[in-house]
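Student: My structure file my_file06.cif, mmCIF, C-alpha atoms, is below:
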```
data_structure
loop_
_atom_site.label_atom_id
_atom_site.label_comp_id
_atom_site.auth_asym_id
_atom_site.auth_seq_id
_atom_site.Cartn_x
_atom_site.Cartn_y
_atom_site.Cartn_z
CA MET A 291 -45.00 -12.51 -1.12
CA GLN A 292 -41.34 -11.49 -1.06
CA THR A 293 -40.26 -8.69 -3.40
CA GLU A 294 -37.10 -9.32 -5.42
CA TYR A 295 -34.92 -6.48 -6.57
CA LEU A 296 -33.17 -7.20 -9.83
CA ILE A 297 -30.41 -5.26 -11.52
CA ALA A 298 -29.74 -5.59 -15.22
CA VAL A 299 -26.31 -7.09 -15.84
CA ASN A 300 -25.44 -4.61 -18.60
CA GLU A 301 -26.35 -1.64 -16.40
CA PHE A 302 -24.34 -3.04 -13.52
CA CYS A 303 -21.34 -3.56 -15.80
CA ALA A 304 -21.64 -0.06 -17.23
CA SER A 305 -21.78 1.57 -13.82
CA HIS A 306 -18.83 -0.46 -12.52
CA ASN A 307 -16.89 -0.20 -15.75
CA ILE A 308 -16.38 -3.94 -16.10
CA GLU A 309 -16.85 -6.40 -18.94
CA ILE A 310 -20.03 -8.47 -19.18
CA SER A 311 -17.82 -11.48 -19.91
CA PHE A 312 -16.48 -11.27 -16.36
CA ILE A 313 -19.99 -11.63 -14.93
CA SER A 314 -20.66 -14.53 -17.31
CA SER A 315 -17.46 -16.24 -16.15
CA LEU A 316 -18.52 -15.85 -12.51
CA GLU A 317 -21.85 -17.46 -13.38
CA GLN A 318 -20.19 -20.30 -15.26
CA ASN A 319 -18.03 -20.97 -12.21
CA GLY A 320 -21.13 -21.06 -10.00
CA LEU A 321 -20.10 -17.98 -8.04
CA ILE A 322 -23.21 -15.94 -8.86
CA GLU A 323 -26.64 -16.57 -10.35
CA ILE A 324 -28.01 -14.65 -13.29
CA MET A 325 -31.72 -14.64 -14.11
CA THR A 326 -32.71 -14.19 -17.72
CA ILE A 327 -35.98 -12.40 -18.35
CA GLN A 328 -36.92 -11.65 -21.94
CA GLU A 329 -33.35 -12.22 -23.06
CA THR A 330 -31.94 -9.74 -20.54
CA GLY A 331 -29.70 -10.95 -17.73
CA PHE A 332 -30.47 -9.77 -14.19
CA ILE A 333 -28.69 -10.10 -10.86
CA ASP A 334 -30.57 -10.31 -7.60
CA ALA A 335 -29.72 -7.27 -5.45
CA GLY A 336 -28.83 -9.61 -2.59
CA GLN A 337 -25.81 -10.80 -4.57
CA ILE A 338 -24.39 -7.34 -5.22
CA GLN A 339 -22.19 -7.16 -2.15
CA GLN A 340 -20.61 -10.50 -2.95
CA LEU A 341 -20.28 -9.56 -6.60
CA GLU A 342 -18.50 -6.33 -5.72
CA LYS A 343 -16.12 -8.35 -3.62
CA TYR A 344 -15.36 -10.55 -6.67
CA ILE A 345 -14.74 -7.41 -8.70
CA ARG A 346 -12.23 -6.19 -6.16
CA PHE A 347 -10.50 -9.57 -6.14
CA TYR A 348 -10.30 -9.68 -9.93
CA TYR A 349 -9.61 -6.12 -10.97
CA GLU A 350 -7.81 -4.69 -7.99
CA LEU A 351 -6.00 -7.63 -6.45
CA GLU A 352 -5.50 -9.31 -9.83
CA ILE A 353 -6.71 -12.66 -8.58
CA ASN A 354 -7.91 -14.94 -11.37
CA LEU A 355 -11.22 -16.80 -11.39
CA GLU A 356 -9.75 -20.02 -10.06
CA GLY A 357 -8.25 -18.03 -7.20
CA ILE A 358 -11.57 -16.32 -6.51
CA GLU A 359 -13.32 -19.68 -6.43
CA THR A 360 -10.76 -21.06 -3.97
CA ILE A 361 -10.87 -17.94 -1.77
CA THR A 362 -14.67 -17.98 -1.72
CA HIS A 363 -14.66 -21.60 -0.65
CA LEU A 364 -12.10 -20.91 2.09
CA LEU A 365 -13.96 -17.83 3.32
CA ARG A 366 -17.12 -19.94 3.65
CA ARG A 367 -15.14 -22.45 5.67
CA ILE A 368 -13.84 -19.65 7.88
CA ASP A 369 -17.44 -18.51 8.45
CA LEU A 370 -18.47 -22.01 9.48
CA MET A 371 -15.46 -22.39 11.73
CA GLN A 372 -16.13 -19.03 13.36
CA ASP A 373 -19.68 -20.20 14.15
CA GLU A 374 -18.23 -23.37 15.60
CA ILE A 375 -15.74 -21.39 17.70
CA ILE A 376 -18.61 -19.33 19.15
CA LEU A 377 -20.49 -22.52 19.99
CA LEU A 378 -17.45 -24.11 21.62
CA LYS A 379 -16.56 -20.95 23.55
CA ASN A 380 -20.09 -20.81 24.92
CA ARG A 381 -19.92 -24.48 25.85
CA LEU A 382 -16.61 -23.90 27.58
CA ARG A 383 -18.14 -21.03 29.54
CA LEU A 384 -20.67 -23.50 30.91
CA TYR A 385 -17.98 -25.76 32.32
CA GLU A 386 -15.66 -22.98 33.47
CA THR A 387 -18.38 -21.90 35.90
CA GLU A 388 -19.35 -25.27 37.27
CA LEU A 389 -23.01 -25.80 38.05
CA MET B 181 1.23 12.01 15.76
CA ILE B 182 4.14 9.87 14.62
CA PHE B 183 6.17 9.78 11.45
CA LEU B 184 5.18 6.90 9.22
CA ASP B 185 7.90 5.31 7.15
CA TYR B 186 5.94 4.41 4.03
CA TYR B 187 8.91 2.63 2.50
CA LYS B 188 9.22 0.40 5.52
CA ILE B 189 5.48 -0.25 5.52
CA LEU B 190 5.67 -1.50 1.93
CA GLY B 191 8.99 -3.24 2.62
CA ILE B 192 10.85 -1.44 -0.18
CA GLU B 193 13.98 0.66 -0.56
CA LYS B 194 13.91 4.40 -1.10
CA THR B 195 15.22 3.75 -4.55
CA ALA B 196 12.25 1.56 -5.46
CA THR B 197 10.80 2.10 -8.93
CA PRO B 198 7.06 2.72 -9.45
CA LYS B 199 6.82 -0.90 -10.54
CA ASP B 200 8.43 -2.04 -7.28
CA VAL B 201 5.93 0.08 -5.34
CA LYS B 202 3.02 -1.39 -7.25
CA ASN B 203 4.24 -4.95 -6.79
CA ALA B 204 4.95 -4.51 -3.08
CA TYR B 205 1.56 -2.93 -2.55
CA ARG B 206 -0.30 -5.61 -4.49
CA LYS B 207 1.48 -8.36 -2.61
CA LEU B 208 0.64 -6.85 0.79
CA ALA B 209 -2.91 -5.95 -0.28
CA ARG B 210 -3.54 -9.59 -1.15
CA LYS B 211 -2.39 -10.47 2.34
CA TYR B 212 -4.25 -7.84 4.34
CA HIS B 213 -7.26 -6.81 2.23
CA PRO B 214 -10.36 -6.72 4.50
CA ASP B 215 -12.30 -8.87 2.02
CA LEU B 216 -9.77 -11.62 2.62
CA ASN B 217 -9.58 -11.11 6.38
CA PRO B 218 -13.13 -10.78 7.66
CA ASN B 219 -13.41 -9.50 11.25
CA ASP B 220 -9.66 -9.15 11.58
CA LYS B 221 -8.94 -5.75 13.11
CA ASP B 222 -5.15 -6.13 12.82
CA ALA B 223 -5.37 -6.91 9.12
CA LYS B 224 -7.65 -3.92 8.62
CA LYS B 225 -5.18 -1.63 10.36
CA ASN B 226 -2.30 -3.01 8.30
CA PHE B 227 -4.29 -2.58 5.12
CA GLN B 228 -5.04 1.03 5.94
CA GLN B 229 -1.34 1.68 6.41
CA ILE B 230 -0.26 0.03 3.17
CA ASN B 231 -3.09 1.80 1.33
CA GLU B 232 -1.83 5.09 2.68
CA ALA B 233 1.77 4.24 1.82
CA ASN B 234 0.71 3.38 -1.71
CA GLU B 235 -1.34 6.57 -1.98
CA VAL B 236 1.83 8.53 -1.40
CA LEU B 237 4.54 6.45 -3.04
CA SER B 238 2.64 5.64 -6.23
CA ASP B 239 2.06 9.32 -6.96
CA PRO B 240 5.29 10.99 -8.13
CA GLU B 241 4.32 14.41 -6.74
CA LYS B 242 3.33 13.09 -3.33
CA ARG B 243 6.36 10.86 -3.18
CA LYS B 244 8.64 13.80 -3.93
CA LYS B 245 7.03 15.86 -1.21
CA TYR B 246 7.18 12.96 1.24
CA ASP B 247 10.86 12.33 0.48
CA GLN B 248 11.61 16.00 0.93
CA TYR B 249 9.58 16.84 4.03
CA GLY B 250 8.25 13.57 5.45
CA LYS B 251 10.46 13.37 8.52
CA ASP B 252 9.99 17.05 9.30
CA TRP B 253 6.25 17.07 9.11
CA GLN B 254 6.04 19.19 12.29
CA HIS B 255 7.34 22.19 10.34
CA ALA B 256 4.00 23.02 8.90
CA ASP B 257 5.41 26.08 7.12
CA GLU B 258 7.28 23.79 4.83
CA PHE B 259 4.04 22.45 3.50
CA GLU B 260 2.38 25.72 2.72
CA LYS B 261 1.59 24.58 -0.75
CA ALA B 262 -0.36 21.55 0.32
CA LYS B 263 -3.72 23.00 -0.60
CA GLN B 264 -2.44 24.37 -3.84
CA TYR B 265 -1.04 20.99 -4.60
CA GLN B 266 -4.38 19.33 -4.03
CA GLU B 267 -5.92 21.47 -6.72
CA GLN B 268 -3.12 20.81 -9.13
CA SER B 269 -3.26 17.10 -8.63
CA SER B 270 -7.01 16.79 -8.90
CA ASN B 271 -6.74 14.97 -12.20
CA TYR B 272 -4.48 12.31 -10.82
CA GLN B 273 -6.04 8.84 -11.04
CA ARG B 274 -5.06 6.89 -7.99
CA PRO B 275 -4.45 3.21 -8.67
CA GLY B 276 -5.62 2.27 -5.20
CA TYR B 277 -8.19 -0.19 -3.97
CA SER B 278 -11.79 0.58 -3.26
CA GLY B 279 -12.47 -2.43 -1.12
CA ALA B 280 -11.91 -0.83 2.19
CA GLN B 281 -12.51 2.71 3.25
CA PRO B 282 -12.18 5.37 0.63
CA GLU B 283 -12.12 8.25 3.04
CA GLY B 284 -11.47 9.22 6.60
CA ASP B 285 -8.96 6.47 7.26
CA PHE B 286 -5.67 8.17 6.65
CA SER B 287 -3.37 8.85 9.53
CA ASP B 288 -2.95 12.27 11.14
CA PHE B 289 0.54 12.23 9.67
CA PHE B 290 -0.86 11.92 6.14
CA GLU B 291 -3.44 14.63 6.71
CA SER B 292 -0.80 16.95 8.10
CA LEU B 293 1.41 16.47 5.07
CA PHE B 294 -1.13 16.31 2.28
CA GLY B 295 -4.25 17.91 3.69
CA GLY B 296 -7.69 16.28 3.93
CA SER B 297 -7.77 12.79 2.54
CA ALA B 298 -10.86 13.26 0.39
CA GLY B 299 -9.34 16.27 -1.32
CA ALA B 300 -6.06 14.54 -1.83
CA ARG B 301 -7.79 11.84 -3.76
CA GLY B 302 -8.91 14.01 -6.58
CA ASN B 303 -12.28 14.28 -8.17
CA ARG B 304 -12.82 10.83 -9.54
CA GLN B 305 -16.47 10.10 -9.90
CA VAL B 306 -16.11 6.46 -8.99
CA LYS B 307 -18.75 5.36 -6.52
CA PHE B 308 -17.41 3.86 -3.33
CA ARG B 309 -19.34 1.85 -0.85
CA GLY B 310 -19.09 3.30 2.65
CA GLN B 311 -17.02 1.69 5.37
CA ASP B 312 -18.53 -1.13 7.40
CA PHE B 313 -18.76 -0.38 11.11
CA ASN B 314 -18.33 -2.95 13.85
CA ALA B 315 -19.77 -2.57 17.32
CA GLU B 316 -20.17 -4.73 20.38
CA LEU B 317 -23.36 -4.73 22.39
CA HIS B 318 -23.44 -6.09 25.92
CA LEU B 319 -26.60 -7.78 27.12
CA ASP B 320 -27.44 -9.87 30.12
CA LEU B 321 -29.12 -13.24 29.80
CA ILE B 322 -32.53 -11.84 30.69
CA ASP B 323 -32.27 -9.20 27.92
CA ALA B 324 -31.45 -11.89 25.40
CA PHE B 325 -34.39 -13.98 26.59
CA LYS B 326 -37.00 -11.71 25.02
CA THR B 327 -37.31 -9.79 21.78
CA HIS B 328 -36.70 -6.15 22.56
CA THR B 329 -35.61 -2.90 20.97
CA GLN B 330 -32.56 -0.82 21.76
CA THR B 331 -31.53 2.60 20.56
CA LEU B 332 -27.92 2.94 19.50
CA SER B 333 -25.93 5.99 18.60
CA VAL B 334 -24.04 5.48 15.34
CA ASN B 335 -22.26 8.34 13.60
CA ARG B 336 -24.19 10.79 15.78
CA LYS B 337 -27.39 9.33 14.45
CA LYS B 338 -29.74 7.34 16.64
CA ILE B 339 -30.94 4.07 15.26
CA ARG B 340 -33.48 1.74 16.79
CA ILE B 341 -32.83 -1.95 16.39
CA THR B 342 -34.91 -4.94 17.31
CA ILE B 343 -32.96 -7.72 18.95
CA PRO B 344 -34.72 -11.04 18.47
CA ALA B 345 -35.05 -13.32 21.49
CA GLY B 346 -32.53 -16.13 21.58
CA ILE B 347 -29.54 -14.19 20.26
CA GLU B 348 -26.35 -16.11 20.99
CA ASN B 349 -23.27 -14.86 22.82
CA GLY B 350 -20.72 -13.91 20.13
CA GLN B 351 -23.34 -13.78 17.37
CA THR B 352 -23.07 -10.93 14.87
CA ILE B 353 -26.01 -9.33 13.11
CA LYS B 354 -25.85 -6.99 10.14
CA ILE B 355 -27.78 -3.73 9.98
CA PRO B 356 -27.63 -2.83 6.29
CA GLY B 357 -26.89 0.76 5.32
CA HIS B 358 -25.92 1.98 8.78
CA GLY B 359 -22.17 1.97 8.24
CA GLY B 360 -20.09 4.82 6.80
CA HIS B 361 -21.53 7.04 4.08
CA GLY B 362 -20.88 6.08 0.48
CA VAL B 363 -18.75 8.37 -1.65
CA ASN B 364 -19.92 9.95 -4.90
CA GLY B 365 -23.37 8.46 -4.45
CA GLY B 366 -22.10 4.99 -3.56
CA PRO B 367 -24.13 2.95 -1.08
CA ASN B 368 -23.57 3.25 2.66
CA GLY B 369 -21.64 0.53 4.43
CA ASP B 370 -23.25 -1.82 6.91
CA LEU B 371 -23.21 -1.92 10.67
CA TYR B 372 -22.18 -5.21 12.26
CA ILE B 373 -23.17 -5.71 15.88
CA THR B 374 -21.61 -8.51 17.87
CA PHE B 375 -23.43 -9.48 21.04
CA SER B 376 -21.66 -10.18 24.27
CA ILE B 377 -24.02 -11.84 26.71
CA ALA B 378 -22.94 -11.89 30.32
CA ASN B 379 -23.22 -15.02 32.40
CA HIS B 380 -26.18 -15.21 34.78
CA PRO B 381 -25.16 -16.03 38.37
CA ASP B 382 -27.60 -18.93 38.71
CA ILE B 383 -28.58 -19.97 35.21
CA LYS B 384 -26.17 -21.11 32.50
CA ARG B 385 -26.97 -21.35 28.83
CA LEU B 386 -25.78 -23.77 26.22
CA GLY B 387 -27.41 -23.13 22.87
CA ASN B 388 -31.12 -23.12 23.59
CA ASP B 389 -30.89 -25.17 26.76
CA LEU B 390 -30.54 -23.74 30.24
CA TYR B 391 -28.90 -25.29 33.26
CA THR B 392 -29.55 -24.44 36.87
CA LYS B 393 -29.05 -25.88 40.33
CA ALA B 394 -31.69 -26.38 43.01
CA ASP B 395 -30.91 -26.91 46.68
CA LEU B 396 -32.85 -29.71 48.31
CA ASP B 397 -32.97 -30.42 52.01
CA LEU B 398 -32.16 -33.95 53.11
CA TYR B 399 -35.70 -34.76 54.28
CA LYS B 400 -37.33 -33.80 50.96
CA ALA B 401 -34.64 -35.70 49.10
CA VAL B 402 -35.40 -38.81 51.15
CA LEU B 403 -39.15 -38.53 51.54
CA GLY B 404 -40.10 -36.51 48.44
CA GLY B 405 -42.06 -33.27 48.35
CA GLU B 406 -42.35 -30.00 46.50
CA ILE B 407 -39.96 -27.12 45.91
CA THR B 408 -40.23 -23.82 44.01
CA ILE B 409 -37.40 -22.68 41.73
CA ASP B 410 -36.75 -19.47 39.80
CA THR B 411 -36.58 -19.75 36.02
CA LEU B 412 -36.36 -17.09 33.32
CA LYS B 413 -40.08 -17.65 32.76
CA GLY B 414 -40.88 -17.11 36.43
CA LYS B 415 -41.29 -19.33 39.46
CA VAL B 416 -41.94 -23.02 38.85
CA LYS B 417 -43.12 -25.67 41.32
CA LEU B 418 -41.33 -28.99 41.12
CA LYS B 419 -42.39 -32.32 42.55
CA VAL B 420 -39.42 -34.05 44.12
CA LYS B 421 -39.46 -37.82 43.97
CA PRO B 422 -38.69 -39.72 47.19
CA GLU B 423 -35.09 -40.95 47.43
CA THR B 424 -33.74 -38.32 45.07
CA GLN B 425 -29.95 -38.58 44.79
CA ASN B 426 -27.50 -35.70 45.11
CA GLY B 427 -26.43 -34.46 41.66
CA SER B 428 -29.40 -36.04 39.89
CA ARG B 429 -30.78 -33.97 37.06
CA ILE B 430 -34.30 -33.43 35.75
CA LYS B 431 -35.37 -31.91 32.43
CA LEU B 432 -38.16 -29.37 32.14
CA LYS B 433 -39.20 -29.49 28.51
CA GLY B 434 -39.76 -26.15 26.81
CA MET B 435 -38.58 -24.15 29.83
CA GLY B 436 -35.24 -23.25 28.26
CA PHE B 437 -34.13 -20.37 26.03
CA PRO B 438 -36.20 -19.16 23.06
CA VAL B 439 -34.97 -20.45 19.71
CA TYR B 440 -33.57 -17.55 17.66
CA LYS B 441 -36.08 -16.30 15.08
CA ASN B 442 -38.37 -19.26 15.73
CA GLU B 443 -41.17 -17.81 17.77
CA GLY B 444 -42.89 -20.07 20.26
CA HIS B 445 -40.05 -22.60 20.31
CA PHE B 446 -37.89 -23.04 23.38
CA GLY B 447 -35.06 -25.25 24.50
CA ASP B 448 -35.19 -27.23 27.75
CA LEU B 449 -34.24 -26.39 31.31
CA TYR B 450 -32.08 -28.85 33.22
CA VAL B 451 -32.21 -28.71 37.00
CA THR B 452 -29.48 -30.39 39.03
CA TYR B 453 -30.33 -31.18 42.64
CA SER B 454 -27.85 -30.34 45.33
CA ILE B 455 -28.78 -32.00 48.61
CA LYS B 456 -27.97 -30.00 51.72
CA ILE B 457 -26.92 -31.96 54.79
CA PRO B 458 -28.51 -30.50 57.93
CA THR B 459 -26.16 -28.78 60.37
CA ASN B 460 -26.42 -27.81 64.06
CA LEU B 461 -28.37 -30.97 64.89
CA THR B 462 -29.98 -31.24 68.32
CA ASP B 463 -29.17 -34.22 70.55
CA LYS B 464 -32.54 -35.70 69.75
CA GLN B 465 -31.93 -35.38 65.99
CA LYS B 466 -28.49 -36.96 66.36
CA GLU B 467 -30.03 -39.88 68.26
CA LEU B 468 -32.55 -40.37 65.48
CA PHE B 469 -29.77 -40.42 62.87
CA ILE B 470 -27.82 -42.93 64.93
CA GLU B 471 -30.92 -45.07 65.13
CA LEU B 472 -31.38 -44.77 61.41
CA SER B 473 -27.77 -45.73 60.77
CA ARG B 474 -28.24 -48.91 62.78
CA SER B 475 -31.32 -49.95 60.86
CA GLU B 476 -30.90 -52.22 57.87
CA PHE B 477 -31.60 -50.82 54.42
#
```
Transcribe the structure of this file into C-alpha cells.
Tutor:
Amino acid sequence: MQTEYLIAVNEFCASHNIEISFISSLEQNGLIEIMTIQETGFIDAGQIQQLEKYIRFYYELEINLEGIETITHLLRRIDLMQDEIILLKNRLRLYETEL
Amino acid sequence: MIFLDYYKILGIEKTATPKDVKNAYRKLARKYHPDLNPNDKDAKKNFQQINEANEVLSDPEKRKKYDQYGKDWQHADEFEKAKQYQEQSSNYQRPGYSGAQPEGDFSDFFESLFGGSAGARGNRQVKFRGQDFNAELHLDLIDAFKTHTQTLSVNRKKIRITIPAGIENGQTIKIPGHGGHGVNGGPNGDLYITFSIANHPDIKRLGNDLYTKADLDLYKAVLGGEITIDTLKGKVKLKVKPETQNGSRIKLKGMGFPVYKNEGHFGDLYVTYSIKIPTNLTDKQKELFIELSRSEF
C-alpha cells in the first residue's frame, strides 16, 4: 500500500505567509487538488513543488490566476514537445548512421 | 572578474527611480525566471544577473555604494566598510524572488563589493528551497540495457543511484533532495540527471527496438543455412531461408531493448541481411558462374 503524505492547508499557508483564499482559487481553477478530511483541507506532498511554483508566479511575478493557468498549460505542452524532440532526435540518429 | 553594469542589465538609466527599478526587474524576471524557462541555461544565467542587479539597485545603501565605487571595485581599500555595512543592513527586507537560488549565485564582482552573498541578504527567516542541480551522465548502450547502480559525486557527497534498464538517450530523471541545500531550514533542491547514451557501432536503437546488420555469404543466401549473430542478449543462431534477398529484414520478437520500468518486457530486434559477393574467384568458380548465368531461371 502506498503511503500518502498530507499537509494541512492552513499550516502550509501560515508557513508560507499566504492567504488560504489563494489556495482555494487554485483548486477552483483545477490547478491543485485539496482533500478534505474531517473538515480540514489537506494537500498531497507531491503537489508542493508545483504549488510553490504557483506562489512564486502569483506573489513574486505578480501573474494573476488566469495567467498561471495559461502558463501551466503551456509549460505542459513544452514538456510534451521536449519528449517528442528527444524521440525525433533519437530517430534521426538511427538514419544518420545508416544500417 | 569583470565589472557588471547593473543599470544596463536591467535596461534602465542611472537616474531611474526605485519604481523604475522594480518595474524593469519584474518585467525581466517574468521573461527569464527559471520556473518559466525549464532547462534553459541561458535564461537561468540571465535571471541570476538581473536578480543580482535588483539586489543592489533596489537597496538604497547598496545602490549608493555601487554608484560610488562600482567601476573601481579592484580598489578593495575603498570598500573597507563592507562587513560593517552588512551588519547595519541586516534588517533590510529584500524584495527579491525566491524561485531560483537564494545563495551562492552572485558574481565575484558582487561578492567583492558587498561581501558574502548570504550575509548581504540579511537575517530573514524565510525558508528557501535549495537550488536544483543539473548533470549529464554518459552511458553506452550496453550500460543502458540492464538495471545497474552508479555512484556519483554531488556537492562532495557520494550518492548511489539505480539506473533502470531501458533509459532513453536524452531522458532526464529527478533525484529528490540531492540538489543545493535549503536555506533557513527550507528543503533541499533536486538533482536532475540527463542521460547521454552513445551509439553502439553495430546495433542501433529506436525506442525499444534494436536494429542490426548481418553479413550473409552468397551461397547461404541462395541455398539457405544457419548463421550466428551477436545481440545484446548474447549470441543467437538464425536460420536463413533459401533465396534470401539482399537488404531483406527479419524481426526477432522480444530480442530488443528492455522497456523502461516494465520488467520482463522487451522491444524487438530487426536484422537486415547484407549479402556479400564472393571475390578472388578461381577459374573453376568463374566457369560455374558462367554456366549458371546461361541457365534459365
Student: Between A:Glu374, A:Glu350, A:Glu356, A:Glu329, which residue has the minimum interatomic distance to chain B, considering all atoms listed in the file?
Tutor: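 Checking each of A:Glu374, A:Glu350, A:Glu356, A:Glu329 against chain B, counting all atoms listed in the file, the winner is A:Glu350.
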Student: Just say which residues the PyMOL selection byres ((chain B and resi 215-223) around 10) picks in this file, as number ranges by chain.
Tutor: A: 340, 343-344, 346-347, 361-362, 364-365, 368-369; B: 209-214, 224-229, 279-280, 314, 372
Student: Mind telling me what the PyMOL selection byres ((chain B) within 7 of (chain A)) catches here, as a list in words?
Tutor: Arg206, Arg210, Asp215, Tyr277, Gly279, Gly350, Lys384, Arg385, Leu386, Thr392 and Lys393 of chain B
Student: Run through the PyMOL selection byres ((chain A and resi 325) around 10) on the given coordinates and return the selected residues as a count of residues only.
Tutor: 15
Student: In terms of the shortest atom-to-atom distance over only C-alpha atoms, which of A:Leu316, A:Ile310, A:Cys303, A:Leu370 is closest to Asn354 of chain A?
Tutor: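 Using only C-alpha atoms, Asn354 of chain A sits closest to A:Leu316.
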Student: Restricting the calculation to all atoms listed in the file, which member of B:Phe325, B:Phe313, B:Tyr249, B:Phe446 is positioned closest to His361 of chain B?
Tutor: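 When distances to His361 of chain B are compared using all atoms listed in the file, the smallest one comes from B:Phe313.
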Student: At most 7 Å from (-21.0, -13.1, 19.2), file frame, all atoms listed in the file: which residues, as a ChimeraX atom specification?
Tutor: /A:376 /B:348-352,374-376
Student: Hey, can you check how far atom CA of Leu208 of chain B sits from atom CA of Gly191 of chain B?
Tutor: 9.3 Å
Student: Would you mind reading off the distance between atom CA of Ser314 of chain A and atom CA of Leu341 of chain A, one decimal, in Å?
Tutor: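 Atom CA of Leu341 of chain A lies 11.8 Å from atom CA of Ser314 of chain A.
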Student: Would you mind reading off the distance between atom CA of Ala335 of chain A and atom CA of Asn368 of chain B, one decimal, in Å?
Tutor: 14.6 Å
Student: Which of these residues is nearest to Ile313 of chain A, using only C-alpha atoms: A:Arg366, A:Thr293, A:Thr360, A:Ile338?
Tutor: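 The shortest atom-to-atom distance to Ile313 of chain A comes from A:Ile338.
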Student: Could you pull the residues within 9 Å of Leu403 of chain B, counting only C-alpha atoms, minus those fewer than 6 positions along the same chain, as a ChimeraX atom specification?
Tutor: /B:420-424
Student: Of the residues B:Pro344, B:Ala378, B:Leu468, B:Val363, which is the one nearest to Lys441 of chain B, using all atoms listed in the file?
Tutor: B:Pro344
Student: Listed atoms of segment 314-317 of chain A, axis-aligned box, 4 Å per side: centre and edge lengths to one decimal in Å, as lines of an AutoDock Vina configuration file?
Tutor:
```
center_x = -19.7
center_y = -16.0
center_z = -14.9
size_x = 12.4
size_y = 10.9
size_z = 12.8
```
